[in-house]
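Below: start_0.cif (mmCIF, C-alpha atoms)
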```
data_coords
loop_
_atom_site.label_atom_id
_atom_site.label_comp_id
_atom_site.auth_asym_id
_atom_site.auth_seq_id
_atom_site.Cartn_x
_atom_site.Cartn_y
_atom_site.Cartn_z
CA MET A 568 18.90 -21.88 16.08
CA ASP A 569 15.97 -23.26 18.04
CA ARG A 570 15.41 -20.36 20.38
CA PHE A 571 14.06 -17.25 18.79
CA LYS A 572 10.95 -15.27 19.61
CA LEU A 573 8.63 -13.17 17.47
CA ARG A 574 6.78 -10.28 19.09
CA LYS A 575 5.13 -6.94 18.37
CA ALA A 576 7.65 -4.09 18.25
CA GLU A 577 7.65 -1.59 21.13
CA PRO A 578 8.93 2.01 21.20
CA LYS A 579 12.22 0.81 22.72
CA ASP A 580 12.86 -1.26 19.56
CA VAL A 581 13.05 1.82 17.33
CA PRO A 582 16.89 2.05 17.30
CA ASP A 583 17.11 -1.64 16.31
CA ILE A 584 14.42 -1.24 13.66
CA LEU A 585 16.32 1.65 12.09
CA ARG A 586 19.56 -0.34 12.19
CA LEU A 587 17.86 -3.26 10.36
CA ILE A 588 16.20 -0.91 7.85
CA LYS A 589 19.66 0.38 6.95
CA GLU A 590 21.05 -3.16 6.70
CA LEU A 591 18.24 -4.13 4.33
CA ALA A 592 18.82 -0.98 2.26
CA LYS A 593 22.51 -1.92 2.06
CA TYR A 594 21.52 -5.42 0.85
CA GLU A 595 19.47 -3.69 -1.90
CA ASP A 596 22.45 -1.37 -2.68
CA MET A 597 20.45 1.70 -1.63
CA GLU A 598 21.81 2.53 1.84
CA ASP A 599 22.19 6.26 1.15
CA GLN A 600 18.48 6.54 0.39
CA VAL A 601 17.37 5.99 4.00
CA ILE A 602 16.53 9.43 5.36
CA LEU A 603 14.15 8.25 8.08
CA THR A 604 15.24 8.96 11.67
CA GLU A 605 14.45 7.29 15.03
CA LYS A 606 12.22 10.27 15.83
CA ASP A 607 10.17 9.70 12.63
CA LEU A 608 9.81 6.00 13.38
CA LEU A 609 8.69 6.69 16.93
CA GLU A 610 6.14 9.33 15.95
CA ASP A 611 4.82 7.44 12.93
CA GLY A 612 4.62 3.98 14.48
CA PHE A 613 3.63 4.54 18.08
CA GLY A 614 1.30 7.56 18.02
CA ASP A 615 -2.51 7.69 17.96
CA HIS A 616 -2.83 6.72 14.30
CA PRO A 617 0.19 4.60 13.40
CA PHE A 618 1.32 4.60 9.79
CA TYR A 619 2.88 1.16 10.22
CA HIS A 620 3.03 -1.94 12.44
CA CYS A 621 6.14 -3.96 13.14
CA ILE A 622 7.06 -7.47 14.26
CA VAL A 623 10.58 -8.13 15.56
CA ALA A 624 12.52 -11.38 15.87
CA GLU A 625 14.86 -11.63 18.81
CA VAL A 626 17.32 -14.17 20.12
CA PRO A 627 18.22 -14.56 23.82
CA SER A 628 21.25 -12.48 24.79
CA ASP A 629 23.42 -15.50 25.62
CA LYS A 630 23.22 -16.57 21.94
CA GLN A 631 24.91 -13.37 20.75
CA SER A 632 28.49 -13.29 19.63
CA ASN A 633 30.57 -10.34 20.85
CA ASN A 634 27.60 -8.84 22.72
CA GLY A 635 25.81 -8.32 19.40
CA PRO A 636 22.18 -7.16 19.09
CA VAL A 637 19.27 -9.15 20.46
CA VAL A 638 16.83 -8.04 17.75
CA ILE A 639 17.96 -9.83 14.59
CA GLY A 640 15.02 -9.49 12.19
CA PHE A 641 11.88 -7.48 11.53
CA ALA A 642 8.85 -7.13 9.33
CA MET A 643 7.02 -3.84 8.82
CA TYR A 644 3.48 -3.84 7.49
CA TYR A 645 0.34 -1.71 7.26
CA PHE A 646 -3.21 -2.04 6.06
CA THR A 647 -4.23 -0.94 2.59
CA TYR A 648 -7.52 -1.09 0.71
CA ASP A 649 -8.60 -2.68 -2.52
CA PRO A 650 -12.02 -1.32 -3.55
CA TRP A 651 -12.84 -4.73 -5.10
CA ILE A 652 -12.07 -6.95 -2.12
CA GLY A 653 -11.60 -4.69 0.90
CA LYS A 654 -8.80 -4.67 3.48
CA LEU A 655 -5.36 -5.96 2.60
CA LEU A 656 -2.19 -6.42 4.59
CA TYR A 657 0.76 -4.80 2.83
CA LEU A 658 4.23 -6.05 3.71
CA GLU A 659 6.63 -3.12 3.37
CA ASP A 660 9.92 -4.50 4.69
CA PHE A 661 11.01 -7.97 5.73
CA PHE A 662 14.59 -8.72 6.81
CA VAL A 663 16.62 -11.21 8.85
CA MET A 664 20.30 -10.49 9.52
CA GLY A 665 22.64 -12.53 7.29
CA GLU A 666 24.14 -14.69 10.02
CA TYR A 667 20.65 -15.70 11.26
CA ARG A 668 19.26 -16.87 7.93
CA GLY A 669 18.57 -20.49 7.05
CA PHE A 670 17.03 -21.28 10.43
CA GLY A 671 13.39 -20.76 9.51
CA ILE A 672 13.05 -17.35 11.16
CA GLY A 673 11.90 -15.65 7.95
CA SER A 674 9.45 -18.45 7.33
CA GLU A 675 7.94 -18.08 10.80
CA ILE A 676 7.65 -14.31 10.37
CA LEU A 677 5.77 -14.81 7.10
CA LYS A 678 3.39 -17.29 8.73
CA LEU A 679 2.72 -14.88 11.60
CA LEU A 680 2.00 -12.10 9.11
CA SER A 681 -0.40 -14.36 7.20
CA HIS A 682 -2.15 -15.25 10.46
CA THR A 683 -2.41 -11.53 11.30
CA ALA A 684 -3.88 -10.89 7.85
CA VAL A 685 -6.54 -13.58 8.26
CA LYS A 686 -7.30 -12.51 11.87
CA THR A 687 -7.85 -8.89 10.81
CA ARG A 688 -10.15 -9.82 7.96
CA CYS A 689 -7.73 -9.13 5.13
CA SER A 690 -8.36 -11.03 1.91
CA SER A 691 -4.80 -10.86 0.75
CA MET A 692 -1.22 -9.95 1.59
CA HIS A 693 0.62 -7.81 -0.99
CA PHE A 694 4.20 -6.62 -1.33
CA ILE A 695 6.77 -5.70 -3.96
CA VAL A 696 10.06 -7.35 -4.81
CA ALA A 697 12.77 -6.13 -7.16
CA GLU A 698 13.04 -8.51 -10.12
CA GLY A 699 16.81 -8.74 -9.55
CA ASN A 700 16.28 -10.18 -6.07
CA GLN A 701 16.01 -13.83 -7.13
CA ALA A 702 16.53 -15.25 -3.61
CA SER A 703 13.50 -13.35 -2.31
CA ILE A 704 11.34 -14.07 -5.36
CA GLU A 705 12.03 -17.81 -4.97
CA PHE A 706 11.31 -17.64 -1.22
CA TYR A 707 7.86 -16.13 -1.89
CA LYS A 708 6.98 -18.21 -4.95
CA ARG A 709 7.79 -21.45 -3.09
CA ARG A 710 5.11 -20.43 -0.61
CA GLY A 711 2.50 -19.74 -3.28
CA ALA A 712 2.89 -16.03 -4.08
CA ALA A 713 1.64 -14.83 -7.47
CA ASP A 714 3.57 -12.21 -9.45
CA LEU A 715 0.88 -9.69 -10.44
CA SER A 716 3.25 -7.65 -12.57
CA LEU A 717 3.84 -10.68 -14.79
CA GLU A 718 0.36 -12.22 -14.56
CA GLU A 719 -1.79 -9.09 -14.84
CA GLY A 720 0.60 -6.40 -16.12
CA TRP A 721 0.60 -4.03 -13.12
CA ARG A 722 3.38 -1.42 -13.07
CA LEU A 723 4.30 0.66 -10.02
CA PHE A 724 4.62 4.43 -10.41
CA LYS A 725 5.76 7.15 -8.09
CA ILE A 726 5.32 10.92 -8.12
CA ASP A 727 7.85 12.86 -6.06
CA LYS A 728 7.22 15.76 -3.71
CA SER A 729 8.22 18.46 -6.18
CA SER A 730 5.70 17.20 -8.73
CA LEU A 731 3.08 16.86 -5.96
CA LEU A 732 3.61 20.48 -4.97
CA LYS A 733 3.29 21.55 -8.58
CA MET A 734 0.04 19.59 -8.95
CA SER A 735 -1.49 20.73 -5.70
CA SER A 736 -0.81 24.41 -6.27
CA GLY A 737 -2.28 24.48 -9.78
CA PRO A 738 -5.16 26.86 -10.65
CA GLU A 739 -8.52 26.05 -9.06
CA GLU A 740 -10.90 24.46 -11.60
CA MET B 244 -18.01 22.66 -17.15
CA ASN B 245 -18.38 23.54 -13.50
CA PHE B 246 -17.47 20.77 -11.10
CA LYS B 247 -16.62 20.43 -7.43
CA VAL B 248 -14.18 18.07 -5.68
CA ARG B 249 -15.01 17.27 -2.06
CA ALA B 250 -14.37 14.64 0.59
CA ALA B 251 -16.77 11.70 0.29
CA ARG B 252 -19.43 11.22 2.96
CA LYS B 253 -20.86 7.92 4.16
CA GLU B 254 -23.97 8.41 2.04
CA ASP B 255 -21.80 8.67 -1.12
CA CYS B 256 -20.79 4.99 -0.83
CA LYS B 257 -23.56 3.78 -3.16
CA GLU B 258 -22.24 6.13 -5.87
CA ILE B 259 -18.63 5.13 -5.18
CA SER B 260 -19.64 1.46 -5.42
CA ARG B 261 -21.31 2.12 -8.79
CA MET B 262 -18.17 3.81 -10.15
CA ILE B 263 -15.84 1.13 -8.74
CA MET B 264 -17.76 -1.36 -10.87
CA GLU B 265 -17.55 0.93 -13.94
CA LEU B 266 -13.76 1.18 -13.50
CA ALA B 267 -13.46 -2.60 -13.07
CA VAL B 268 -15.40 -3.08 -16.33
CA TYR B 269 -12.96 -0.68 -18.07
CA GLU B 270 -10.03 -2.72 -16.67
CA LYS B 271 -11.74 -5.92 -17.93
CA MET B 272 -11.95 -7.37 -14.41
CA ALA B 273 -15.60 -6.86 -13.40
CA ASP B 274 -15.95 -10.39 -12.01
CA GLN B 275 -13.31 -9.59 -9.41
CA VAL B 276 -15.38 -6.97 -7.56
CA LYS B 277 -16.59 -8.46 -4.29
CA THR B 278 -17.24 -5.38 -2.13
CA SER B 279 -20.66 -3.83 -1.59
CA HIS B 280 -21.46 -0.26 -0.56
CA GLU B 281 -22.05 -1.55 2.99
CA GLU B 282 -18.43 -2.69 3.26
CA LEU B 283 -17.22 0.62 1.86
CA GLU B 284 -19.27 2.39 4.54
CA ARG B 285 -17.84 0.21 7.29
CA ASP B 286 -14.23 0.42 6.11
CA GLY B 287 -14.09 4.11 5.19
CA PHE B 288 -16.24 5.77 7.81
CA SER B 289 -15.34 4.15 11.11
CA PRO B 290 -13.03 5.70 13.76
CA ASN B 291 -10.07 3.94 12.11
CA PRO B 292 -10.73 4.23 8.36
CA PHE B 293 -8.78 2.09 5.92
CA TYR B 294 -9.09 4.55 3.04
CA GLU B 295 -10.13 8.11 2.23
CA CYS B 296 -12.12 9.15 -0.81
CA LEU B 297 -12.73 12.32 -2.82
CA ILE B 298 -15.60 12.66 -5.23
CA ALA B 299 -16.24 14.98 -8.18
CA GLU B 300 -19.75 16.38 -8.55
CA VAL B 301 -21.38 18.32 -11.37
CA PRO B 302 -24.39 20.63 -10.98
CA ASP B 303 -27.86 19.22 -11.59
CA GLU B 304 -28.12 20.66 -15.12
CA HIS B 305 -25.13 18.51 -16.21
CA LYS B 306 -26.21 15.28 -14.56
CA THR B 307 -25.82 12.00 -16.47
CA LYS B 308 -28.66 10.45 -18.45
CA ASP B 309 -29.28 8.14 -15.48
CA GLY B 310 -29.57 11.12 -13.16
CA TYR B 311 -26.16 10.98 -11.42
CA THR B 312 -24.35 14.14 -10.33
CA VAL B 313 -21.37 12.27 -8.87
CA VAL B 314 -19.16 11.65 -11.90
CA GLY B 315 -15.72 10.73 -10.57
CA TYR B 316 -13.75 9.64 -7.52
CA ALA B 317 -10.25 9.15 -6.15
CA LEU B 318 -9.68 6.56 -3.42
CA TYR B 319 -6.39 6.67 -1.52
CA PHE B 320 -4.70 5.68 1.75
CA TYR B 321 -1.47 6.31 3.60
CA THR B 322 1.52 4.00 3.35
CA TYR B 323 5.00 4.04 4.83
CA SER B 324 8.42 3.85 3.29
CA THR B 325 11.19 2.71 5.61
CA TRP B 326 13.55 4.96 3.66
CA LYS B 327 11.54 8.16 3.45
CA GLY B 328 8.52 7.89 5.76
CA ARG B 329 4.94 8.86 5.07
CA SER B 330 3.55 8.32 1.58
CA VAL B 331 0.14 8.42 -0.01
CA TYR B 332 -1.04 5.68 -2.35
CA MET B 333 -3.75 6.47 -4.86
CA GLU B 334 -5.59 3.20 -5.36
CA ASP B 335 -8.33 4.30 -7.79
CA LEU B 336 -8.86 7.38 -9.97
CA TYR B 337 -11.90 7.36 -12.20
CA VAL B 338 -14.02 9.81 -14.20
CA MET B 339 -17.10 8.63 -16.10
CA PRO B 340 -16.37 8.54 -19.87
CA ASP B 341 -18.78 11.36 -20.83
CA PHE B 342 -17.08 13.70 -18.35
CA ARG B 343 -13.48 13.19 -19.39
CA GLY B 344 -11.35 15.86 -21.03
CA LYS B 345 -12.71 18.60 -18.76
CA GLY B 346 -10.01 18.63 -16.10
CA ILE B 347 -11.98 16.57 -13.57
CA GLY B 348 -9.36 13.78 -13.29
CA LYS B 349 -6.64 16.38 -12.88
CA GLY B 350 -8.74 18.17 -10.24
CA LEU B 351 -9.25 14.97 -8.24
CA MET B 352 -5.60 14.04 -8.40
CA ALA B 353 -4.45 17.56 -7.47
CA LYS B 354 -6.63 17.36 -4.36
CA VAL B 355 -5.09 13.98 -3.40
CA ALA B 356 -1.65 15.56 -3.87
CA GLN B 357 -2.68 18.50 -1.67
CA VAL B 358 -3.97 16.20 1.09
CA GLY B 359 -0.73 14.23 0.88
CA VAL B 360 1.46 17.33 1.15
CA GLU B 361 -0.59 18.56 4.14
CA LYS B 362 0.00 15.22 5.87
CA GLN B 363 3.77 15.56 5.20
CA CYS B 364 3.89 12.75 2.68
CA VAL B 365 7.06 12.62 0.63
CA ARG B 366 5.52 11.01 -2.44
CA LEU B 367 2.43 9.60 -4.06
CA GLN B 368 2.42 6.10 -5.55
CA LEU B 369 -0.03 4.32 -7.79
CA SER B 370 -0.08 1.41 -10.19
CA VAL B 371 -1.28 1.20 -13.78
CA LEU B 372 -1.89 -1.73 -16.09
CA GLU B 373 0.77 -1.81 -18.78
CA TRP B 374 -1.77 -1.73 -21.64
CA ASN B 375 -3.63 1.29 -20.26
CA LYS B 376 -1.99 3.89 -22.51
CA PRO B 377 -4.35 6.83 -21.80
CA SER B 378 -3.70 6.46 -18.05
CA LEU B 379 0.05 5.94 -18.51
CA ASP B 380 0.20 9.15 -20.58
CA PHE B 381 -1.93 11.06 -18.04
CA TYR B 382 0.33 10.18 -15.09
CA ILE B 383 3.64 10.54 -16.91
CA ALA B 384 2.60 14.05 -17.99
CA LYS B 385 2.27 14.91 -14.28
CA GLY B 386 5.76 13.69 -13.41
CA ALA B 387 5.13 10.02 -12.62
CA GLU B 388 8.06 7.62 -12.98
CA ASP B 389 7.60 3.97 -13.85
CA LEU B 390 9.43 2.15 -11.05
CA THR B 391 8.69 -1.26 -12.54
CA ALA B 392 10.63 -0.27 -15.68
CA LYS B 393 13.26 1.84 -13.91
CA GLU B 394 14.01 -0.27 -10.82
CA GLY B 395 12.43 -3.63 -11.63
CA TRP B 396 9.76 -3.67 -8.91
CA HIS B 397 7.09 -6.37 -9.23
CA PHE B 398 3.86 -6.71 -7.25
CA LEU B 399 3.42 -10.04 -5.50
CA ARG B 400 0.40 -11.39 -3.68
CA PHE B 401 -0.62 -14.18 -1.31
CA ASP B 402 -4.37 -14.71 -1.26
CA GLY B 403 -7.14 -17.25 -0.83
CA GLN B 404 -5.81 -20.74 -0.25
CA THR B 405 -2.12 -19.79 -0.19
CA LEU B 406 -2.74 -17.18 2.53
CA ASP B 407 -4.85 -19.61 4.61
CA THR B 408 -2.21 -22.35 4.32
CA LEU B 409 0.55 -20.05 5.56
CA ALA B 410 -1.67 -18.66 8.33
CA LYS B 411 -2.45 -22.11 9.74
CA GLU B 412 1.23 -22.76 10.32
CA ALA B 413 1.81 -19.59 12.34
CA PRO B 414 3.41 -19.94 15.76
CA LYS B 415 0.84 -20.00 18.57
CA ASP B 416 0.47 -16.78 20.62
#
```
Could you spell out this file's structure in C-alpha cells?
Amino acid sequence: MDRFKLRKAEPKDVPDILRLIKELAKYEDMEDQVILTEKDLLEDGFGDHPFYHCIVAEVPSDKQSNNGPVVIGFAMYYFTYDPWIGKLLYLEDFFVMGEYRGFGIGSEILKLLSHTAVKTRCSSMHFIVAEGNQASIEFYKRRGAADLSLEEGWRLFKIDKSSLLKMSSGPEE
Amino acid sequence: MNFKVRAARKEDCKEISRMIMELAVYEKMADQVKTSHEELERDGFSPNPFYECLIAEVPDEHKTKDGYTVVGYALYFYTYSTWKGRSVYMEDLYVMPDFRGKGIGKGLMAKVAQVGVEKQCVRLQLSVLEWNKPSLDFYIAKGAEDLTAKEGWHFLRFDGQTLDTLAKEAPKD
C-alpha cells in the first residue's frame, strides 16, 4: 500500500464520512447510536462557522476491489481551549477501514494532525479512548501519548438534553 | 444575594485571568497556568473565537475585600460528536469561595445550558478530577453521568516534545 493520499475533506466527501463514522461506531459496538445525517454533516462542517474539520485518506480507484470506495479513512477534529495553555486540537474520530490497516495510513494521519496542531499554534492534541480499546491505546502510547485519566485523575461527564432543558428553564436568580 | 450573569466582554479578561489562577490553585496545579489576559483577549474576542465566557457579577455593596465585583465565571466552547452532532463543552466553572452556596454556580451553569440549547446542542460535557467531591456532587445532582466510570473513557494527550516529534514527520504538503 504505497499509494494513498491525505487531503482536507470537501462537501462531496460527506456521504463517505458518514459511512466511515458508522463503521467506526460498529467497531465500538455502538452503531445504533449514530443519529447524525449527511445534511447535519454538510451544514455543520462546511458552513460559515464549522463545528469540525476533517481529513480524509483516499486510495486511487484502480486499487479498489469490486469497485469499492476510494475514501478509506478519516480523522475529524476541532479546536478547543484550555484556559491555562490556550488553543488545543481535539481529535474526535480517527478511523481507517479494516482492510487498509497495517500500511502506515493511520500513522501518517496522526502526523498530519500533529503538524496541523503545531501550525495553528496549539500547545497540545487531546482525545479520548475507551479503556477497553487496547489496540488504540497501544497505538497512541507508542507515539508518546499520556493518559490523563490515569496520571491526573480526570473523569469525563455528560449532561443530556433533558437535563439541560431542566437546568436552563429553572427560576431566574 | 443579588447577582447577575452576563456574557464576558474583552475588558473582563483581566478578571477572568485572575479567577483562572484561583481555580488552578484550588486544583493544585497553579504552576501549569501559562496564559495571560492578553492571550485570552486574542483568543476569545476575535472574529473566530475559540471559547465563550459568562461572568457572574455582584453589586458594589457586596464586592470582595480586594474590591472585585466579578466573582465567578464559566468558560465553554462548542464540540462535535460524530454520533449526535453539536455539543457544548464546559471547560471551567468557578465561583470565589466567599460567594459559594448562593446559587451563583448554578446560575452560571444554567446559562451555559441555555446557550447550548439555543445553538441546538444535544448535550453538555465537562470533566472533573476524581478527588473533587464537592464538584462531583454538584454535577451529579444536575443529572451528570460519569462516562469514565460508565463507559471507560480516558483522556489522552500529546504535547510538548511528543507533539513536535510527530509533527516533524508529517507528509509534506
Do you have, as CSV, the list of residues of chain B lying at most 6 Å from chain A, each with its nearest atom pair and that distance in Å to one decimal, counting only C-alpha atoms and ordered by chain then number?
```
residue,atom,partner,partner_atom,distance
B:Val276,CA,A:Trp651,CA,4.2
B:Lys277,CA,A:Ile652,CA,5.2
B:Thr278,CA,A:Trp651,CA,5.3
B:Trp326,CA,A:Val601,CA,4.0
B:Lys327,CA,A:Leu603,CA,5.3
B:Ala353,CA,A:Ser735,CA,4.7
B:Ala356,CA,A:Leu731,CA,5.3
B:Gln357,CA,A:Ser735,CA,4.8
B:Val365,CA,A:Lys728,CA,5.4
B:Arg366,CA,A:Asp727,CA,4.7
B:Leu367,CA,A:Ile726,CA,5.2
B:Gln368,CA,A:Lys725,CA,4.3
B:Leu369,CA,A:Phe724,CA,5.3
B:Ser370,CA,A:Leu723,CA,4.4
B:Val371,CA,A:Arg722,CA,5.4
B:Leu372,CA,A:Trp721,CA,4.5
B:Glu373,CA,A:Gly720,CA,5.3
B:Gly386,CA,A:Ser730,CA,5.9
B:Ala387,CA,A:Ile726,CA,4.6
B:Glu388,CA,A:Phe724,CA,5.3
B:Asp389,CA,A:Phe724,CA,4.6
B:Leu390,CA,A:Phe724,CA,5.4
B:Thr391,CA,A:Arg722,CA,5.3
B:Gly395,CA,A:Ala697,CA,5.1
B:Trp396,CA,A:Ala697,CA,4.3
B:His397,CA,A:Ser716,CA,5.2
B:Phe398,CA,A:Ile695,CA,4.5
B:Leu399,CA,A:Asp714,CA,4.5
B:Arg400,CA,A:His693,CA,4.5
B:Phe401,CA,A:Ala712,CA,4.8
B:Asp402,CA,A:Ser691,CA,4.4
B:Thr405,CA,A:Gly711,CA,5.6
B:Leu406,CA,A:Ser681,CA,5.9
B:Leu409,CA,A:Lys678,CA,5.1
B:Ala410,CA,A:His682,CA,4.0
B:Ala413,CA,A:Lys678,CA,4.6
```
Next item on the list: Considering only C-alpha atoms, return as JSON, numbers by chain whatever protein or nucleic-acid residues lie within 8 Å of segment 342-349 of chain B, sequence-local ones (same chain, fewer than 5 positions apart) excluded.
Entry: {"A": [740], "B": [244, 246, 299, 314, 315, 336, 337]}
For those residues, write C-alpha atoms to a file as a PDB file, in the frame of the given file.
```
ATOM      1  CA  GLU A 740     -10.900  24.460 -11.600  1.00  0.00           C
TER       2      GLU A 740
ATOM      3  CA  MET B 244     -18.010  22.660 -17.150  1.00  0.00           C
ATOM      4  CA  PHE B 246     -17.470  20.770 -11.100  1.00  0.00           C
ATOM      5  CA  ALA B 299     -16.240  14.980  -8.180  1.00  0.00           C
ATOM      6  CA  VAL B 314     -19.160  11.650 -11.900  1.00  0.00           C
ATOM      7  CA  GLY B 315     -15.720  10.730 -10.570  1.00  0.00           C
ATOM      8  CA  LEU B 336      -8.860   7.380  -9.970  1.00  0.00           C
ATOM      9  CA  TYR B 337     -11.900   7.360 -12.200  1.00  0.00           C
TER      10      TYR B 337
END
```
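Proximity ranking of B:Glu284, B:Glu265, B:Glu254, B:Glu394 relative to Val338 of chain B places B:Glu265 first, based on only C-alpha atoms.
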Next item on the list: Report the residues retrieved by the PyMOL selection byres ((chain B and resi 321) around 8) from the displayed file, expressed as number ranges by chain.
Entry: A: 618, 647; B: 294, 319-320, 322-323, 329-332
Check: atom CA of Val581 of chain A to atom CA of Ser628 of chain A: how many Å, to one decimal?
Finding: 18.1 Å
Give, as AutoDock Vina command-line options, the centre coordinates and the x, y and z edge lengths in Å to one decimal for an axis-aligned box around all listed atoms of segment 716-723 of chain A, padded by 3 Å on each side.
```
--center_x 1.3 --center_y -5.8 --center_z -13.1 --size_x 12.1 --size_y 18.9 --size_z 12.1
```
Check: Quick one: distance from atom CA of Gly328 of chain B to atom CA of Lys575 of chain A in Å, one decimal?
Finding: 19.8 Å
Next item on the list: Quote the spacing between atom CA of Lys385 of chain B and atom CA of Met352 of chain B in Å to one decimal place.
Entry: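 Computing it gives 9.9 Å between the two atoms.
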Take segment 265-281 of chain B, model N, CA and C atoms, and hand the result over as a compact mmCIF listing (two decimals), in the coordinates of the input.
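Saved the output as selection24.txt:
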```txt
# COMPACT_ATOMS: atom_id res chain seq x y z
N GLU B 265 -17.80 0.39 -12.58
CA GLU B 265 -17.55 0.93 -13.94
C GLU B 265 -16.06 0.87 -14.26
N LEU B 266 -15.21 1.22 -13.28
CA LEU B 266 -13.76 1.18 -13.50
C LEU B 266 -13.28 -0.25 -13.70
N ALA B 267 -13.84 -1.19 -12.93
CA ALA B 267 -13.46 -2.60 -13.07
C ALA B 267 -13.83 -3.12 -14.47
N VAL B 268 -14.98 -2.68 -14.97
CA VAL B 268 -15.40 -3.08 -16.33
C VAL B 268 -14.39 -2.56 -17.35
N TYR B 269 -13.97 -1.29 -17.18
CA TYR B 269 -12.96 -0.68 -18.07
C TYR B 269 -11.65 -1.47 -18.02
N GLU B 270 -11.28 -1.97 -16.83
CA GLU B 270 -10.03 -2.72 -16.67
C GLU B 270 -10.22 -4.19 -17.01
N LYS B 271 -11.42 -4.55 -17.50
CA LYS B 271 -11.74 -5.92 -17.93
C LYS B 271 -11.66 -6.91 -16.78
N MET B 272 -12.02 -6.49 -15.58
CA MET B 272 -11.95 -7.37 -14.41
C MET B 272 -13.21 -7.27 -13.55
N ALA B 273 -14.36 -7.07 -14.15
CA ALA B 273 -15.60 -6.86 -13.40
C ALA B 273 -15.95 -8.01 -12.47
N ASP B 274 -15.59 -9.23 -12.85
CA ASP B 274 -15.95 -10.39 -12.01
C ASP B 274 -15.13 -10.45 -10.73
N GLN B 275 -14.15 -9.57 -10.61
CA GLN B 275 -13.31 -9.59 -9.41
C GLN B 275 -13.83 -8.68 -8.30
N VAL B 276 -14.86 -7.90 -8.58
CA VAL B 276 -15.38 -6.97 -7.56
C VAL B 276 -16.27 -7.71 -6.57
N LYS B 277 -15.83 -7.73 -5.31
CA LYS B 277 -16.59 -8.46 -4.29
C LYS B 277 -17.18 -7.54 -3.22
N THR B 278 -16.75 -6.27 -3.19
CA THR B 278 -17.24 -5.38 -2.13
C THR B 278 -18.60 -4.79 -2.48
N SER B 279 -19.36 -4.48 -1.42
CA SER B 279 -20.66 -3.83 -1.59
C SER B 279 -20.53 -2.44 -0.98
N HIS B 280 -21.55 -1.60 -1.15
CA HIS B 280 -21.46 -0.26 -0.56
C HIS B 280 -21.46 -0.32 0.96
N GLU B 281 -22.05 -1.40 1.52
CA GLU B 281 -22.05 -1.55 2.99
C GLU B 281 -20.62 -1.72 3.52
```
